[in-house]
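Next comes data.cif, with mmCIF, C-alpha atoms.
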```cif
data_data
loop_
_atom_site.label_atom_id
_atom_site.label_comp_id
_atom_site.auth_asym_id
_atom_site.auth_seq_id
_atom_site.Cartn_x
_atom_site.Cartn_y
_atom_site.Cartn_z
CA MET A 1 26.59 -26.92 -16.26
CA GLU A 2 25.47 -23.26 -16.18
CA ILE A 3 24.12 -23.69 -12.62
CA LYS A 4 27.54 -24.87 -11.41
CA VAL A 5 29.22 -21.90 -13.07
CA HIS A 6 26.88 -19.42 -11.34
CA ASN A 7 27.49 -21.06 -7.95
CA LEU A 8 31.26 -20.49 -8.30
CA TYR A 9 30.74 -16.78 -7.55
CA PRO A 10 31.07 -15.82 -3.87
CA GLY A 11 27.91 -15.05 -1.94
CA GLU A 12 25.08 -16.67 -0.01
CA LEU A 13 22.82 -17.09 -3.05
CA GLU A 14 22.89 -20.62 -4.43
CA PHE A 15 21.19 -21.75 -7.64
CA THR A 16 19.57 -25.18 -7.89
CA SER A 17 17.79 -27.12 -10.61
CA GLU A 18 15.52 -30.15 -10.72
CA PHE A 19 14.75 -32.63 -13.45
CA ALA A 20 11.98 -35.25 -13.43
CA TYR A 21 9.82 -37.18 -15.88
CA SER A 22 6.75 -37.72 -13.68
CA GLU A 23 6.24 -34.41 -11.83
CA ILE A 24 7.22 -30.75 -11.73
CA THR A 25 6.75 -27.96 -9.18
CA PHE A 26 6.06 -24.26 -9.70
CA LEU A 27 5.52 -21.88 -6.77
CA ASP A 28 2.97 -23.67 -4.54
CA LEU A 29 1.78 -26.09 -7.24
CA ARG A 30 2.93 -29.65 -7.89
CA ILE A 31 1.88 -31.18 -11.22
CA SER A 32 2.28 -34.96 -11.56
CA ARG A 33 1.21 -37.76 -13.85
CA ASN A 34 -0.69 -40.68 -12.33
CA VAL A 35 -0.51 -44.33 -13.34
CA LYS A 36 -3.27 -43.83 -15.93
CA GLY A 37 -1.35 -41.01 -17.59
CA PHE A 38 -3.62 -38.17 -16.42
CA LEU A 39 -2.29 -34.98 -14.84
CA GLU A 40 -2.97 -34.30 -11.16
CA THR A 41 -2.28 -31.18 -9.11
CA ASP A 42 -1.33 -30.98 -5.46
CA LEU A 43 -0.13 -28.37 -2.96
CA PHE A 44 3.64 -27.98 -2.93
CA VAL A 45 5.30 -26.86 0.32
CA LYS A 46 8.98 -25.96 0.32
CA PRO A 47 11.31 -27.95 2.62
CA THR A 48 12.23 -24.66 4.33
CA PHE A 49 8.60 -24.09 5.43
CA LYS A 50 8.25 -22.85 9.01
CA ASN A 51 4.90 -22.71 10.74
CA LEU A 52 4.84 -18.90 10.93
CA TYR A 53 1.16 -18.21 10.43
CA LEU A 54 -0.04 -15.04 12.13
CA LYS A 55 -0.56 -15.73 15.84
CA TYR A 56 -4.13 -15.56 17.04
CA ASP A 57 -3.26 -13.13 19.85
CA SER A 58 -1.61 -10.64 17.46
CA TYR A 59 -2.73 -7.02 16.99
CA HIS A 60 -5.14 -7.64 14.12
CA SER A 61 -8.88 -7.52 13.68
CA ARG A 62 -10.70 -10.72 14.57
CA HIS A 63 -12.22 -11.24 11.13
CA THR A 64 -8.74 -11.03 9.58
CA LEU A 65 -7.45 -13.77 11.85
CA ASP A 66 -10.52 -15.97 11.42
CA ASN A 67 -10.41 -15.71 7.63
CA ILE A 68 -6.82 -16.97 7.46
CA ALA A 69 -8.12 -20.51 7.86
CA TYR A 70 -10.86 -19.87 5.31
CA GLY A 71 -8.49 -18.35 2.73
CA HIS A 72 -5.90 -21.13 3.00
CA ALA A 73 -8.63 -23.79 2.86
CA LEU A 74 -9.95 -22.24 -0.37
CA ARG A 75 -6.41 -22.27 -1.75
CA ILE A 76 -6.06 -25.99 -0.99
CA ARG A 77 -9.48 -26.76 -2.48
CA THR A 78 -8.52 -24.86 -5.65
CA ILE A 79 -5.06 -26.38 -6.13
CA CYS A 80 -5.64 -30.03 -5.16
CA SER A 81 -7.37 -32.10 -7.83
CA THR A 82 -8.04 -35.24 -5.74
CA GLU A 83 -10.05 -35.60 -2.54
CA ASP A 84 -7.25 -37.51 -0.84
CA SER A 85 -4.79 -34.63 -1.27
CA VAL A 86 -7.47 -32.13 -0.16
CA THR A 87 -8.13 -34.07 3.06
CA LYS A 88 -4.42 -34.52 3.78
CA ASN A 89 -3.54 -30.84 3.30
CA LEU A 90 -6.58 -29.58 5.23
CA ASP A 91 -5.58 -31.75 8.21
CA ILE A 92 -2.06 -30.32 8.08
CA LEU A 93 -3.46 -26.77 7.86
CA LYS A 94 -5.73 -27.38 10.85
CA SER A 95 -2.93 -28.72 13.06
CA ASN A 96 -0.61 -25.83 12.06
CA LEU A 97 -3.20 -23.18 12.91
CA ILE A 98 -4.11 -24.78 16.23
CA GLU A 99 -0.41 -24.82 17.06
CA ARG A 100 -0.37 -21.04 16.48
CA GLY A 101 -3.19 -20.51 19.00
CA TYR A 102 -6.26 -20.60 16.75
CA PRO A 103 -9.42 -22.00 18.40
CA PRO A 104 -10.13 -25.51 17.01
CA SER A 105 -13.85 -24.71 16.63
CA THR A 106 -13.12 -21.58 14.55
CA VAL A 107 -10.65 -23.44 12.32
CA THR A 108 -13.12 -26.29 11.80
CA ASP A 109 -15.97 -23.89 10.93
CA LYS A 110 -13.90 -21.94 8.40
CA ILE A 111 -12.53 -25.08 6.74
CA GLY A 112 -16.05 -26.51 6.56
CA LYS A 113 -17.28 -23.28 4.94
CA ALA A 114 -14.52 -23.47 2.31
CA CYS A 115 -15.39 -27.10 1.54
CA THR A 116 -18.96 -26.19 0.56
CA ALA A 117 -17.82 -24.42 -2.62
CA PRO A 118 -17.43 -26.68 -5.68
CA ARG A 119 -13.94 -26.74 -7.18
CA SER A 120 -15.30 -25.79 -10.60
CA VAL A 121 -16.61 -22.54 -9.13
CA LEU A 122 -13.31 -21.82 -7.35
CA LEU A 123 -11.39 -22.27 -10.59
CA ASN A 124 -13.70 -19.75 -12.30
CA ARG A 125 -13.64 -16.87 -9.81
CA GLU A 126 -11.90 -14.33 -12.06
CA GLY A 127 -15.17 -13.03 -13.57
CA SER A 128 -16.83 -12.52 -10.20
CA LYS A 129 -13.74 -10.69 -8.91
CA LYS A 130 -13.90 -8.20 -11.80
CA SER A 131 -17.59 -7.52 -11.21
CA ARG A 132 -16.96 -6.94 -7.51
CA LYS A 133 -14.11 -4.54 -8.22
CA LYS A 134 -16.27 -2.54 -10.63
CA ASN A 135 -18.84 -1.64 -7.93
CA HIS A 136 -16.36 -1.67 -5.08
CA CYS A 137 -16.06 1.48 -2.94
CA PRO A 138 -13.48 1.18 -0.13
CA LEU A 139 -13.72 3.04 3.18
CA GLY A 140 -10.19 3.32 4.58
CA VAL A 141 -9.91 3.41 8.38
CA THR A 142 -6.81 3.16 10.58
CA ARG A 143 -6.98 -0.04 12.60
CA ASN A 144 -7.67 0.36 16.33
CA PRO A 145 -8.87 -2.44 18.66
CA ARG A 146 -11.22 0.00 20.44
CA LEU A 147 -13.20 0.68 17.27
CA PRO A 148 -16.67 -0.88 17.02
CA LEU A 149 -17.57 -3.21 14.16
CA LEU A 150 -17.71 -0.55 11.43
CA SER A 151 -19.08 -2.84 8.73
CA ASN A 152 -22.29 -3.33 10.74
CA ILE A 153 -22.61 0.42 11.30
CA VAL A 154 -22.19 1.09 7.57
CA LYS A 155 -24.84 -1.48 6.64
CA ARG A 156 -27.25 -0.19 9.30
CA HIS A 157 -27.09 3.43 8.13
CA PHE A 158 -26.63 2.81 4.41
CA PRO A 159 -30.40 3.11 3.68
CA ILE A 160 -30.21 6.76 4.85
CA LEU A 161 -27.59 7.41 2.16
CA GLN A 162 -29.83 5.79 -0.43
CA LEU A 163 -32.57 8.38 0.18
CA SER A 164 -30.52 10.92 -1.76
CA PRO A 165 -30.81 10.55 -5.58
CA ILE A 166 -27.20 11.69 -6.02
CA PHE A 167 -25.67 9.39 -3.40
CA SER A 168 -27.78 6.41 -4.47
CA LYS A 169 -26.15 6.60 -7.90
CA THR A 170 -22.68 7.26 -6.49
CA PHE A 171 -22.89 4.44 -3.94
CA PRO A 172 -25.07 1.66 -5.37
CA ASN A 173 -23.56 -0.77 -2.83
CA PRO A 174 -22.42 -0.29 0.78
CA PRO A 175 -18.74 0.72 1.10
CA SER A 176 -16.30 -1.99 2.14
CA VAL A 177 -14.38 -1.17 5.32
CA ILE A 178 -10.64 -1.46 4.65
CA TYR A 179 -8.37 -1.27 7.70
CA LYS A 180 -5.01 0.44 7.36
CA GLN A 181 -2.06 -0.52 9.53
CA PRO A 182 -1.42 2.02 12.30
CA PRO A 183 2.11 3.29 13.03
CA ASN A 184 4.22 0.75 14.90
CA LEU A 185 7.79 0.51 16.15
CA LYS A 186 8.98 -1.03 12.90
CA SER A 187 7.54 1.72 10.69
CA LEU A 188 8.86 4.43 13.04
CA LEU A 189 12.39 3.03 13.45
CA VAL A 190 13.03 1.30 10.11
CA LYS A 191 12.58 2.87 6.70
CA ALA A 192 12.32 0.83 3.51
CA LYS A 193 14.27 3.44 1.59
CA ILE A 194 17.43 5.03 2.97
CA ARG A 195 17.28 8.75 2.37
CA GLU A 196 20.28 10.44 0.85
CA LYS A 197 21.95 12.80 3.31
CA HIS A 198 23.54 16.04 2.17
CA ASN A 199 26.49 17.84 3.71
CA PHE A 200 24.79 21.24 3.53
CA LYS A 201 21.31 22.67 4.03
CA GLY A 202 19.05 23.19 1.09
CA CYS A 203 16.12 21.99 -0.98
CA PHE A 204 16.71 18.79 -2.95
CA ARG A 205 14.85 16.42 -5.26
CA THR A 206 14.36 12.74 -4.47
CA HIS A 207 14.82 11.93 -8.19
CA ASP A 208 11.82 9.62 -8.10
CA GLN A 209 10.61 9.23 -11.68
CA ARG A 210 6.99 8.93 -10.51
CA CYS A 211 7.13 12.14 -8.43
CA VAL A 212 5.39 15.05 -10.16
CA THR A 213 6.66 17.53 -7.55
CA CYS A 214 10.32 16.85 -8.35
CA SER A 215 9.76 18.16 -11.89
CA VAL A 216 9.01 21.67 -10.53
CA LEU A 217 11.15 21.52 -7.35
CA LYS A 218 14.24 23.70 -7.55
CA GLU A 219 17.42 22.35 -5.96
CA THR A 220 19.05 25.25 -4.16
CA SER A 221 20.48 26.34 -0.82
CA THR A 222 19.27 29.96 -1.15
CA PHE A 223 16.22 31.90 -2.31
CA GLN A 224 15.61 35.56 -3.10
CA SER A 225 12.78 37.90 -2.26
CA LYS A 226 11.56 39.54 -5.47
CA SER A 227 10.18 42.55 -3.60
CA THR A 228 13.34 43.44 -1.59
CA GLY A 229 16.05 41.61 -3.52
CA GLN A 230 17.40 40.12 -0.29
CA ILE A 231 18.86 36.59 -0.41
CA PHE A 232 18.08 34.09 2.36
CA GLN A 233 19.46 30.69 3.29
CA VAL A 234 17.27 27.58 3.19
CA LYS A 235 16.88 26.28 6.74
CA GLY A 236 17.04 22.51 6.83
CA ASP A 237 17.56 19.54 4.55
CA LEU A 238 14.27 19.51 2.62
CA THR A 239 12.80 17.29 -0.10
CA CYS A 240 9.34 16.70 -1.53
CA THR A 241 8.69 14.06 1.16
CA THR A 242 9.50 16.35 4.10
CA LYS A 243 6.60 17.00 6.48
CA GLY A 244 6.03 20.40 8.09
CA VAL A 245 7.52 22.81 5.57
CA ILE A 246 7.38 26.51 4.78
CA TYR A 247 7.60 26.70 1.01
CA LEU A 248 7.90 29.28 -1.75
CA LEU A 249 6.17 29.32 -5.14
CA ASN A 250 8.00 31.46 -7.69
CA CYS A 251 6.01 32.56 -10.73
CA LEU A 252 8.48 32.49 -13.62
CA ASP A 253 6.25 34.61 -15.87
CA CYS A 254 5.46 37.67 -13.73
CA GLN A 255 8.02 37.16 -10.91
CA LYS A 256 5.39 37.17 -8.16
CA GLN A 257 5.92 34.97 -5.11
CA TYR A 258 3.63 32.92 -2.88
CA VAL A 259 4.67 31.76 0.60
CA GLY A 260 2.78 28.93 2.28
CA GLU A 261 3.07 26.45 5.09
CA THR A 262 1.93 22.84 5.34
CA GLY A 263 1.98 20.17 8.02
CA SER A 264 1.78 17.43 5.40
CA GLU A 265 4.45 16.29 2.96
CA LEU A 266 5.45 18.97 0.47
CA ARG A 267 4.39 16.81 -2.49
CA ILE A 268 0.90 16.34 -0.99
CA ARG A 269 0.52 20.12 -0.63
CA HIS A 270 1.73 20.56 -4.21
CA ARG A 271 -0.94 18.07 -5.29
CA GLY A 272 -3.53 20.31 -3.65
CA HIS A 273 -2.13 23.36 -5.45
CA ARG A 274 -2.40 21.56 -8.79
CA GLN A 275 -6.10 21.08 -8.15
CA GLU A 276 -6.40 24.79 -7.34
CA PHE A 277 -4.71 25.66 -10.63
CA LYS A 278 -7.19 23.52 -12.56
CA LYS A 279 -10.36 24.82 -10.87
CA ALA A 280 -9.21 28.44 -10.32
CA LEU A 281 -11.38 28.85 -7.21
CA THR A 282 -8.72 30.57 -5.08
CA PRO A 283 -6.54 33.65 -5.74
CA ILE A 284 -3.46 31.51 -6.39
CA GLY A 285 -5.50 29.21 -8.61
CA LYS A 286 -6.74 32.14 -10.67
CA HIS A 287 -3.22 33.54 -10.91
CA PHE A 288 -1.71 30.36 -12.29
CA GLN A 289 -4.57 29.98 -14.75
CA VAL A 290 -2.94 32.94 -16.50
CA CYS A 291 0.72 32.30 -15.63
CA LYS A 292 1.58 28.69 -16.33
CA ASN A 293 5.25 28.48 -15.33
CA PHE A 294 6.39 28.26 -11.72
CA GLU A 295 8.98 26.64 -9.50
CA LEU A 296 8.68 25.30 -5.94
CA ILE A 297 11.26 25.71 -3.18
CA GLY A 298 11.13 24.36 0.37
CA ILE A 299 12.65 27.14 2.46
CA GLU A 300 12.33 26.09 6.10
CA LYS A 301 11.53 23.05 8.21
CA ILE A 302 8.91 23.72 10.89
CA ARG A 303 10.28 22.70 14.26
CA ASN A 304 6.92 22.38 16.02
CA ASN A 305 4.59 20.95 13.39
CA ASN A 306 1.23 21.77 15.01
CA LYS A 307 -0.57 22.10 11.64
CA LYS A 308 -2.05 25.51 12.44
CA LYS A 309 -3.43 27.58 9.60
CA PRO A 310 -0.47 29.35 7.98
CA GLU A 311 -0.07 32.92 6.86
CA LYS A 312 0.10 33.06 3.06
CA ARG A 313 0.71 35.90 0.68
CA LEU A 314 1.14 36.50 -3.02
CA SER A 315 3.57 39.35 -3.50
#
```
Starting from the file, lay out its structure as structure tokens.
Amino acid sequence: MEIKVHNLYPGELEFTSEFAYSEITFLDLRISRNVKGFLETDLFVKPTFKNLYLKYDSYHSRHTLDNIAYGHALRIRTICSTEDSVTKNLDILKSNLIERGYPPSTVTDKIGKACTAPRSVLLNREGSKKSRKKNHCPLGVTRNPRLPLLSNIVKRHFPILQLSPIFSKTFPNPPSVIYKQPPNLKSLLVKAKIREKHNFKGCFRTHDQRCVTCSVLKETSTFQSKSTGQIFQVKGDLTCTTKGVIYLLNCLDCQKQYVGETGSELRIRHRGHRQEFKKALTPIGKHFQVCKNFELIGIEKIRNNNKKKPEKRLS
């Protein structure tokens, strides 16, 4: 009755419900009761399933594409409790991947590799995952098809790193190469979060609760020089996520000012300043070891962000 009431409201979202005595589905799992009264598990595929596996000629590393068959085969071996359901679902997986351009020999090899692992081991992989994460050291690299096989290079030269007593303790195992997605048309043209636009120029907060920079960022359209008393206008619509910014640090204790420039996002530069304040290895770091209170203002957007070394001063 409640489902029907919710579906009376206008919109494309429709609520459904199912009721059965012999089986139930949850996510990709179907749990049923056989004729002997025992529970069996099988892979559940939604009726709206489309064969949209990643195409084999897509812009991805070869090991990523090859391991799609292996990963899905492991999933089937883990979920399905009977050999008949395992064989049926693996055949469907194989035909779907071949339809998407995967070489039949590669798909067969990866499925065969997944079938060698006992199901009892697959159901108990949580402990091994935690141990791997504990000694896991990722090496992040932007994906490029012209790059050589970096994992082989790391393994070949890792013994050199082990000669150092310090690095042998820091890196007991070879780093794992993790590929990051390079910029593409989607990331350049479409943003996940629509930025709020303002009708006037100034420095504004993003009001992100997780952003540490917003807690010290001053929202203003003007700033004043403490040495001359002159008031200037902020040039541009600036936030903590703006790249290529000339910024101002105002010391609220002694009224001194620091002007800097960064090619990165303003919040990333502020993160670097926070490290300077803790270690006190630079003049500004030593200053804010004594004076604790400050505010940050983005004062101008750099038109040509060439990331040259900026002129900085503490006045």
Determine the residue membership of the PyMOL selection byres ((chain A and resi 98-113) around 8) for the file above and supply it as an MDAnalysis selection string.
chainID A and resid 51:57 66:67 69:70 73 90 94:97 114:117
Write out as a compact mmCIF listing (two decimals) with C-alpha atoms, keeping the file's coordinate frame each polymer residue whose atoms come within 9 Å of Gln289 in chain A, counting only C-alpha atoms; drop sequence neighbours fewer than 6 positions from it.
```txt
# COMPACT_ATOMS: atom_id res chain seq x y z
CA PHE A 277 -4.71 25.66 -10.63
CA LYS A 278 -7.19 23.52 -12.56
CA LYS A 279 -10.36 24.82 -10.87
CA ALA A 280 -9.21 28.44 -10.32
```
Would you please work out which residue, of A:Thr16, A:Gln233, A:Thr241, A:Ser151, is nearest to Pro138 in chain A when using only C-alpha atoms?
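Ranked by minimum distance to Pro138 in chain A, first place goes to A:Ser151.
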Identify which of the residues A:Glu261, A:Glu276, A:Glu23, A:Asp208 lies closest to Glu300 in chain A, counting all atoms listed in the file when measuring atom-to-atom distances.
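Counting all atoms listed in the file, the residue closest to Glu300 in chain A is A:Glu261.
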Distance criterion (only C-alpha atoms): nearest to Cys137 in chain A out of A:Val216, A:Leu249, A:Ile178, A:Leu149
A:Ile178
Skip Asp84 in chain A itself and residues of its chain fewer than 5 positions away, then list as a VMD selection string all residues within 12 Å of it, counting only C-alpha atoms.
chain A and resid 40 to 43 76 to 77 89 to 91
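Remark: for Leu217 in chain A, the closest of the candidate residues A:Phe294, A:Phe158, A:Phe167, A:Phe232 is A:Phe294 (distances computed over only C-alpha atoms).
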Starting from the shown file, work through the PyMOL selection byres ((chain A and resi 290) around 12) and note down what comes out as a tab-separated table (two decimals) with C-alpha atoms, in the coordinates of the input.
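File produced: expr_14.tsv:
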```tsv
chain	number	residue	atom	x	y	z
A	251	CYS	CA	6.01	32.56	-10.73
A	252	LEU	CA	8.48	32.49	-13.62
A	253	ASP	CA	6.25	34.61	-15.87
A	254	CYS	CA	5.46	37.67	-13.73
A	277	PHE	CA	-4.71	25.66	-10.63
A	278	LYS	CA	-7.19	23.52	-12.56
A	280	ALA	CA	-9.21	28.44	-10.32
A	283	PRO	CA	-6.54	33.65	-5.74
A	284	ILE	CA	-3.46	31.51	-6.39
A	285	GLY	CA	-5.50	29.21	-8.61
A	286	LYS	CA	-6.74	32.14	-10.67
A	287	HIS	CA	-3.22	33.54	-10.91
A	288	PHE	CA	-1.71	30.36	-12.29
A	289	GLN	CA	-4.57	29.98	-14.75
A	291	CYS	CA	0.72	32.30	-15.63
A	292	LYS	CA	1.58	28.69	-16.33
A	293	ASN	CA	5.25	28.48	-15.33
A	294	PHE	CA	6.39	28.26	-11.72
```
So that I can see what lies close to Thr78 in chain A, please list as a PyMOL selection string the residues with an atom at most 8 Å from it, counting all atoms listed in the file and leaving out residues fewer than 6 positions away in the same chain.
chain A and resi 119+122-123
Create the file for the chosen residues now, containing C-alpha atoms and written as a PDB file, in the frame of the given file.
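selection39.pdb, freshly written:
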```
ATOM      1  CA  ARG A 119     -13.940 -26.740  -7.180  1.00  0.00           C
ATOM      2  CA  LEU A 122     -13.310 -21.820  -7.350  1.00  0.00           C
ATOM      3  CA  LEU A 123     -11.390 -22.270 -10.590  1.00  0.00           C
TER       4      LEU A 123
END
```
Which one is closest to His273 in chain A: A:Leu39, A:Leu296, A:Leu139, A:Leu185? Count all atoms listed in the file.
A:Leu296
So how far away is CA of Thr282 in chain A from CA of Arg205 in chain A, in Å?
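Going from CA of Arg205 in chain A over to CA of Thr282 in chain A, I get 27.5 Å.
The nearest approach to Ser225 in chain A among the residues A:Thr262, A:Asn184, A:Thr64, A:Gln257, with only C-alpha atoms taken into account, belongs to A:Gln257.
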